[in-house]
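In what follows, a single structure is set out as structure tokens and then discussed.
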Amino acid sequence: MKRFLSIEELREKAQSSVPKMFFDYCESGSWDEESLNKNISDLKNIQFKPRVVRNLSNRKIKINLLGEEFGMPIGLSPCGLTGMQHADGEIHAAKAAEKFQIPFTLSTMSIVSIEELAKNVSREFWFQLYVMKDRKLTNDLMARAKAVGCKTLVLTVDLQVLGIRYKDVKNGLSTPPKLTIKTLLDLALKPKWAFQIAKTKNKTFGNLKPYITNVSNLNSLSSWINEQFDESLSWDDIKKFRDLWPGKLIIKGIMAPEDAEQATSMGADALIISNHGGRQLDGCASSVSALMEIRNNLSNRQISLLFDGGIRNGKDVLRVRALGATMGMIGRPYLYGLGAGGESGVIRALEILQEQLDRTMALCGHRDINSVDRSILKSN
Ligand SMILES: Cc1cc2nc3c(=O)[nH]c(=O)nc-3n(C[C@H](O)[C@H](O)[C@H](O)COP(=O)(O)O)c2cc1C
């Protein structure tokens, strides 16, 4: 995989390896993709200030978050259908994360189930929970995560109503893929992908399978899933989840300072500043502009802010660290690696980001990531 030098090169390889329906699912943002594009361009617009003649030997990018040490300030965000970018994708991505001592977050909408992932990895992973109308189901998912040893719950709060992605509608996205002439042709062009998917038993929503009843075909499966999200979610509910979950609670999908205050007062241990990778409210600000606003205004200065949305280079991880995020999380960059080459592809994506982060930090005049602050950025 060493021939791939950037996340963009892994993206191109993934595009030629993964069926269009699933590559598009990974790639798209909602509606006109304004927020998806802004996530990337706003990060790129933040400029560094080069510093020279500094001792740059023995550099360190390890960090502490919520009482734990991580190999670098990068984490893998939860992504639904990861096991459709590559067979058993969640296992491959979690194993890669393990090598770098960084967190992997398993989505509620994963293909590989909580239990199956736990059997295949030795490091604890984080579990991401969507709040479903059926609270028994939601509580059951939480109990299953706890039973396999998850100590960190990532509660996603920005998906009460689904953002619409045109490409998914056009492609008739379904899991496993519905066999139309169009999908059969696409699968024929991606034989390696199809062969690996044929071999694994993990082909549909691993976590939700036990609860799916009276669903006879793929169309009714996606309607069933879409109907599960709870449109009436309230902060009282969030408080109940806080009380029920004994471990660390991270609330994901915060973009407004008011919501950041509220989430903090509910007893969250950390927040993820995120617009869901531009897949929910199109036309909202970029994640990085929300990070700046929230970090400047949040009354609790101690709470850890994590970040995701638009990171495509280690430079971006340094930018968000400088702006007060403890960890820069990634979604698409690791999915591209996965599509390009399974576990080795995710390892390559992480090597690329790690190297870029370390080198950028050094060129900004620092040798310890923990000493980096806003002073590394050019003031306007
Ligand atoms: C294909 C895909 C599936 C996603 N599924 C979920 C999910 O199941 N749960 C969730 O909280 N966020 C989900 N997200 C959002 C990511 O966790 C993350 O917020 C986003 O990808 C970050 O932006 P980036 O892709 O630019 O790094 C998904 C994102 C993508 C690209």
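Identifiers for the structure tokens are assigned positionally: chains receive A, B, ... in sequence, residues are indexed from 1 per chain, and ligands are indexed from 1 in the order shown.
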> Can you tell me, as a PyMOL selection string, what residues are no more than 10 Å from Leu10 in chain A when counting only C-alpha atoms, ignoring any on the same chain fewer than 2 positions away?
Replying inline: chain A and resi 1+3-8+12-15+333-341+345-346+348-349
>> DSSP on the backbone, helix (DSSP H, G or I) only: what residues of range 155-380 of chain A does that give? Format it as an MDAnalysis selection string.
In response: chainID A and resid 166:171 181:188 191:199 209:211 218:228 235:244 257:265 276:278 287:297 314:322 332:363 369:371 374:376
>> Could you list, as number ranges by chain, all residues that come within 6 Å of ligand 1? Count only C-alpha atoms and all ligand atoms.
In response: A: 25-26, 77-80, 107-109, 156, 274, 276-277, 308-311, 330-332
Restricted to N, CA and C atoms, what would the selected residues look like written as an mmCIF file, in the first residue's frame?
```
data_model
loop_
_atom_site.group_PDB
_atom_site.id
_atom_site.type_symbol
_atom_site.label_atom_id
_atom_site.label_comp_id
_atom_site.auth_asym_id
_atom_site.auth_seq_id
_atom_site.Cartn_x
_atom_site.Cartn_y
_atom_site.Cartn_z
ATOM 1 N N TYR A 25 -22.457 6.072 -1.372
ATOM 2 C CA TYR A 25 -22.994 6.198 -0.008
ATOM 3 C C TYR A 25 -21.951 6.834 0.915
ATOM 4 N N CYS A 26 -20.701 6.422 0.730
ATOM 5 C CA CYS A 26 -19.619 6.938 1.569
ATOM 6 C C CYS A 26 -19.327 8.397 1.226
ATOM 7 N N SER A 77 -14.386 7.725 13.471
ATOM 8 C CA SER A 77 -15.795 8.047 13.744
ATOM 9 C C SER A 77 -16.690 6.882 13.336
ATOM 10 N N PRO A 78 -17.897 6.824 13.922
ATOM 11 C CA PRO A 78 -18.809 5.734 13.551
ATOM 12 C C PRO A 78 -19.335 5.924 12.137
ATOM 13 N N CYS A 79 -19.312 4.867 11.354
ATOM 14 C CA CYS A 79 -19.854 4.937 9.994
ATOM 15 C C CYS A 79 -20.721 3.717 9.733
ATOM 16 N N GLY A 80 -21.966 3.959 9.371
ATOM 17 C CA GLY A 80 -22.861 2.857 9.042
ATOM 18 C C GLY A 80 -22.379 2.148 7.788
ATOM 19 N N SER A 107 -20.604 1.777 14.720
ATOM 20 C CA SER A 107 -21.920 2.409 14.542
ATOM 21 C C SER A 107 -23.052 1.441 14.897
ATOM 22 N N THR A 108 -24.168 2.011 15.357
ATOM 23 C CA THR A 108 -25.395 1.215 15.504
ATOM 24 C C THR A 108 -25.714 0.527 14.170
ATOM 25 N N MET A 109 -25.440 1.237 13.064
ATOM 26 C CA MET A 109 -25.782 0.758 11.716
ATOM 27 C C MET A 109 -24.662 -0.059 11.081
ATOM 28 N N THR A 156 -25.217 9.709 19.385
ATOM 29 C CA THR A 156 -25.387 10.647 18.262
ATOM 30 C C THR A 156 -26.756 11.301 18.360
ATOM 31 N N SER A 274 -19.610 18.212 15.307
ATOM 32 C CA SER A 274 -19.739 17.477 14.047
ATOM 33 C C SER A 274 -21.037 17.856 13.359
ATOM 34 N N HIS A 276 -22.013 15.778 11.023
ATOM 35 C CA HIS A 276 -22.275 14.457 10.448
ATOM 36 C C HIS A 276 -21.629 14.349 9.050
ATOM 37 N N GLY A 277 -20.486 15.009 8.910
ATOM 38 C CA GLY A 277 -19.794 14.943 7.619
ATOM 39 C C GLY A 277 -20.622 15.562 6.493
ATOM 40 N N ASP A 308 -15.111 16.264 14.219
ATOM 41 C CA ASP A 308 -14.980 15.606 12.909
ATOM 42 C C ASP A 308 -15.666 16.418 11.823
ATOM 43 N N GLY A 309 -15.245 16.132 10.581
ATOM 44 C CA GLY A 309 -15.828 16.815 9.424
ATOM 45 C C GLY A 309 -14.791 17.493 8.567
ATOM 46 N N GLY A 310 -14.338 16.790 7.529
ATOM 47 C CA GLY A 310 -13.478 17.419 6.524
ATOM 48 C C GLY A 310 -12.004 17.135 6.660
ATOM 49 N N ILE A 311 -11.600 16.388 7.683
ATOM 50 C CA ILE A 311 -10.165 16.094 7.819
ATOM 51 C C ILE A 311 -9.731 15.191 6.659
ATOM 52 N N ILE A 330 -12.062 10.914 12.110
ATOM 53 C CA ILE A 330 -12.204 10.809 10.646
ATOM 54 C C ILE A 330 -13.274 9.786 10.282
ATOM 55 N N GLY A 331 -14.012 10.080 9.225
ATOM 56 C CA GLY A 331 -14.985 9.131 8.688
ATOM 57 C C GLY A 331 -14.493 8.646 7.331
ATOM 58 N N ARG A 332 -14.744 9.453 6.296
ATOM 59 C CA ARG A 332 -14.407 9.012 4.937
ATOM 60 C C ARG A 332 -12.937 8.614 4.757
#
```
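Across the structure, CA of Glu343 in chain A and CA of Ala93 in chain A are spaced 5.9 Å apart.
Going from CA of Arg312 in chain A over to CA of Ile40 in chain A, you cover 7.6 Å.
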> Leaving out range 96-104 of chain A and any residue of its chain fewer than 3 positions from it, which residues lie within 9 Å of it when counting only C-alpha atoms, given as a PyMOL selection string?
Replying inline: chain A and resi 69-78+90-93+121-127+343-347+350-351
> How many Å lie between CA of Phe195 in chain A and CA of Ile181 in chain A, rounded to one decimal?
Replying inline: 18.2 Å
> Which polymer residues have any atom within 9 Å of an atom of range 201-210 of chain A, counting only C-alpha atoms, with same-chain residues fewer than 3 positions away left out, as an MDAnalysis selection string?
Replying inline: chainID A and resid 80:81 83:84 87:88 107:116 137 141 175:176 197:198 213 225
File dump, residues just selected, N, CA and C atoms, as a PDB file, in the first residue's frame:
```pdb
ATOM      1  N   GLY A  80     -21.966   3.959   9.371  1.00  0.00           N
ATOM      2  CA  GLY A  80     -22.861   2.857   9.042  1.00  0.00           C
ATOM      3  C   GLY A  80     -22.379   2.148   7.788  1.00  0.00           C
ATOM      4  N   LEU A  81     -22.711   0.876   7.689  1.00  0.00           N
ATOM      5  CA  LEU A  81     -22.422   0.071   6.490  1.00  0.00           C
ATOM      6  C   LEU A  81     -20.931  -0.029   6.135  1.00  0.00           C
ATOM      7  N   GLY A  83     -19.004  -2.347   6.687  1.00  0.00           N
ATOM      8  CA  GLY A  83     -18.787  -3.689   6.128  1.00  0.00           C
ATOM      9  C   GLY A  83     -19.246  -3.840   4.690  1.00  0.00           C
ATOM     10  N   MET A  84     -19.724  -2.758   4.076  1.00  0.00           N
ATOM     11  CA  MET A  84     -20.054  -2.807   2.652  1.00  0.00           C
ATOM     12  C   MET A  84     -18.985  -2.085   1.817  1.00  0.00           C
ATOM     13  N   ALA A  87     -15.595  -6.392   2.795  1.00  0.00           N
ATOM     14  CA  ALA A  87     -16.158  -7.431   3.663  1.00  0.00           C
ATOM     15  C   ALA A  87     -15.538  -7.347   5.055  1.00  0.00           C
ATOM     16  N   ASP A  88     -16.359  -7.478   6.088  1.00  0.00           N
ATOM     17  CA  ASP A  88     -15.916  -7.418   7.485  1.00  0.00           C
ATOM     18  C   ASP A  88     -15.168  -6.118   7.789  1.00  0.00           C
ATOM     19  N   SER A 107     -20.604   1.777  14.720  1.00  0.00           N
ATOM     20  CA  SER A 107     -21.920   2.409  14.542  1.00  0.00           C
ATOM     21  C   SER A 107     -23.052   1.441  14.897  1.00  0.00           C
ATOM     22  N   THR A 108     -24.168   2.011  15.357  1.00  0.00           N
ATOM     23  CA  THR A 108     -25.395   1.215  15.504  1.00  0.00           C
ATOM     24  C   THR A 108     -25.714   0.527  14.170  1.00  0.00           C
ATOM     25  N   MET A 109     -25.440   1.237  13.064  1.00  0.00           N
ATOM     26  CA  MET A 109     -25.782   0.758  11.716  1.00  0.00           C
ATOM     27  C   MET A 109     -24.662  -0.059  11.081  1.00  0.00           C
ATOM     28  N   SER A 110     -23.844  -0.682  11.909  1.00  0.00           N
ATOM     29  CA  SER A 110     -22.728  -1.459  11.349  1.00  0.00           C
ATOM     30  C   SER A 110     -23.232  -2.754  10.731  1.00  0.00           C
ATOM     31  N   ILE A 111     -22.376  -3.349   9.923  1.00  0.00           N
ATOM     32  CA  ILE A 111     -22.675  -4.657   9.337  1.00  0.00           C
ATOM     33  C   ILE A 111     -22.213  -5.740  10.327  1.00  0.00           C
ATOM     34  N   VAL A 112     -20.995  -5.594  10.823  1.00  0.00           N
ATOM     35  CA  VAL A 112     -20.493  -6.540  11.835  1.00  0.00           C
ATOM     36  C   VAL A 112     -21.126  -6.154  13.182  1.00  0.00           C
ATOM     37  N   SER A 113     -21.623  -7.139  13.902  1.00  0.00           N
ATOM     38  CA  SER A 113     -22.321  -6.825  15.156  1.00  0.00           C
ATOM     39  C   SER A 113     -21.336  -6.509  16.285  1.00  0.00           C
ATOM     40  N   ILE A 114     -21.880  -5.952  17.351  1.00  0.00           N
ATOM     41  CA  ILE A 114     -21.085  -5.623  18.548  1.00  0.00           C
ATOM     42  C   ILE A 114     -20.327  -6.876  19.026  1.00  0.00           C
ATOM     43  N   GLU A 115     -21.049  -7.987  19.101  1.00  0.00           N
ATOM     44  CA  GLU A 115     -20.469  -9.218  19.660  1.00  0.00           C
ATOM     45  C   GLU A 115     -19.386  -9.773  18.739  1.00  0.00           C
ATOM     46  N   GLU A 116     -19.669  -9.731  17.423  1.00  0.00           N
ATOM     47  CA  GLU A 116     -18.718 -10.254  16.439  1.00  0.00           C
ATOM     48  C   GLU A 116     -17.432  -9.418  16.459  1.00  0.00           C
ATOM     49  N   LEU A 137     -35.368  -1.526  22.508  1.00  0.00           N
ATOM     50  CA  LEU A 137     -34.299  -1.843  21.537  1.00  0.00           C
ATOM     51  C   LEU A 137     -33.051  -0.996  21.835  1.00  0.00           C
ATOM     52  N   LEU A 141     -29.399  -2.361  23.006  1.00  0.00           N
ATOM     53  CA  LEU A 141     -28.123  -2.135  22.305  1.00  0.00           C
ATOM     54  C   LEU A 141     -27.059  -1.665  23.299  1.00  0.00           C
ATOM     55  N   THR A 175     -29.036  -2.931   1.576  1.00  0.00           N
ATOM     56  CA  THR A 175     -28.003  -3.793   2.171  1.00  0.00           C
ATOM     57  C   THR A 175     -28.600  -5.120   2.604  1.00  0.00           C
ATOM     58  N   PRO A 176     -28.220  -6.263   2.013  1.00  0.00           N
ATOM     59  CA  PRO A 176     -27.306  -6.391   0.878  1.00  0.00           C
ATOM     60  C   PRO A 176     -27.937  -5.821  -0.392  1.00  0.00           C
ATOM     61  N   ILE A 197     -17.289 -10.426  -0.188  1.00  0.00           N
ATOM     62  CA  ILE A 197     -18.593 -10.292   0.471  1.00  0.00           C
ATOM     63  C   ILE A 197     -19.316 -11.647   0.439  1.00  0.00           C
ATOM     64  N   ALA A 198     -19.163 -12.370  -0.656  1.00  0.00           N
ATOM     65  CA  ALA A 198     -19.827 -13.678  -0.753  1.00  0.00           C
ATOM     66  C   ALA A 198     -19.328 -14.617   0.344  1.00  0.00           C
ATOM     67  N   THR A 213     -38.374  -7.611  12.410  1.00  0.00           N
ATOM     68  CA  THR A 213     -39.403  -8.630  12.212  1.00  0.00           C
ATOM     69  C   THR A 213     -40.391  -8.138  11.162  1.00  0.00           C
ATOM     70  N   ILE A 225     -35.976   0.684   8.997  1.00  0.00           N
ATOM     71  CA  ILE A 225     -34.869   1.380   9.669  1.00  0.00           C
ATOM     72  C   ILE A 225     -35.167   2.869   9.773  1.00  0.00           C
TER      73      ILE A 225
END
```
> From the list A:Ser234, A:Thr152, A:Gln354, A:Ser57, which residue is nearest Met266 in chain A when using only C-alpha atoms?
Replying inline: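 With only C-alpha atoms as the atom set, the closest residue is A:Ser234.
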> Between A:Leu318, A:Ile46, A:Met21, A:Ala362, which has the minimum distance to Leu187 in chain A (counting only C-alpha atoms)?
Replying inline: A:Met21
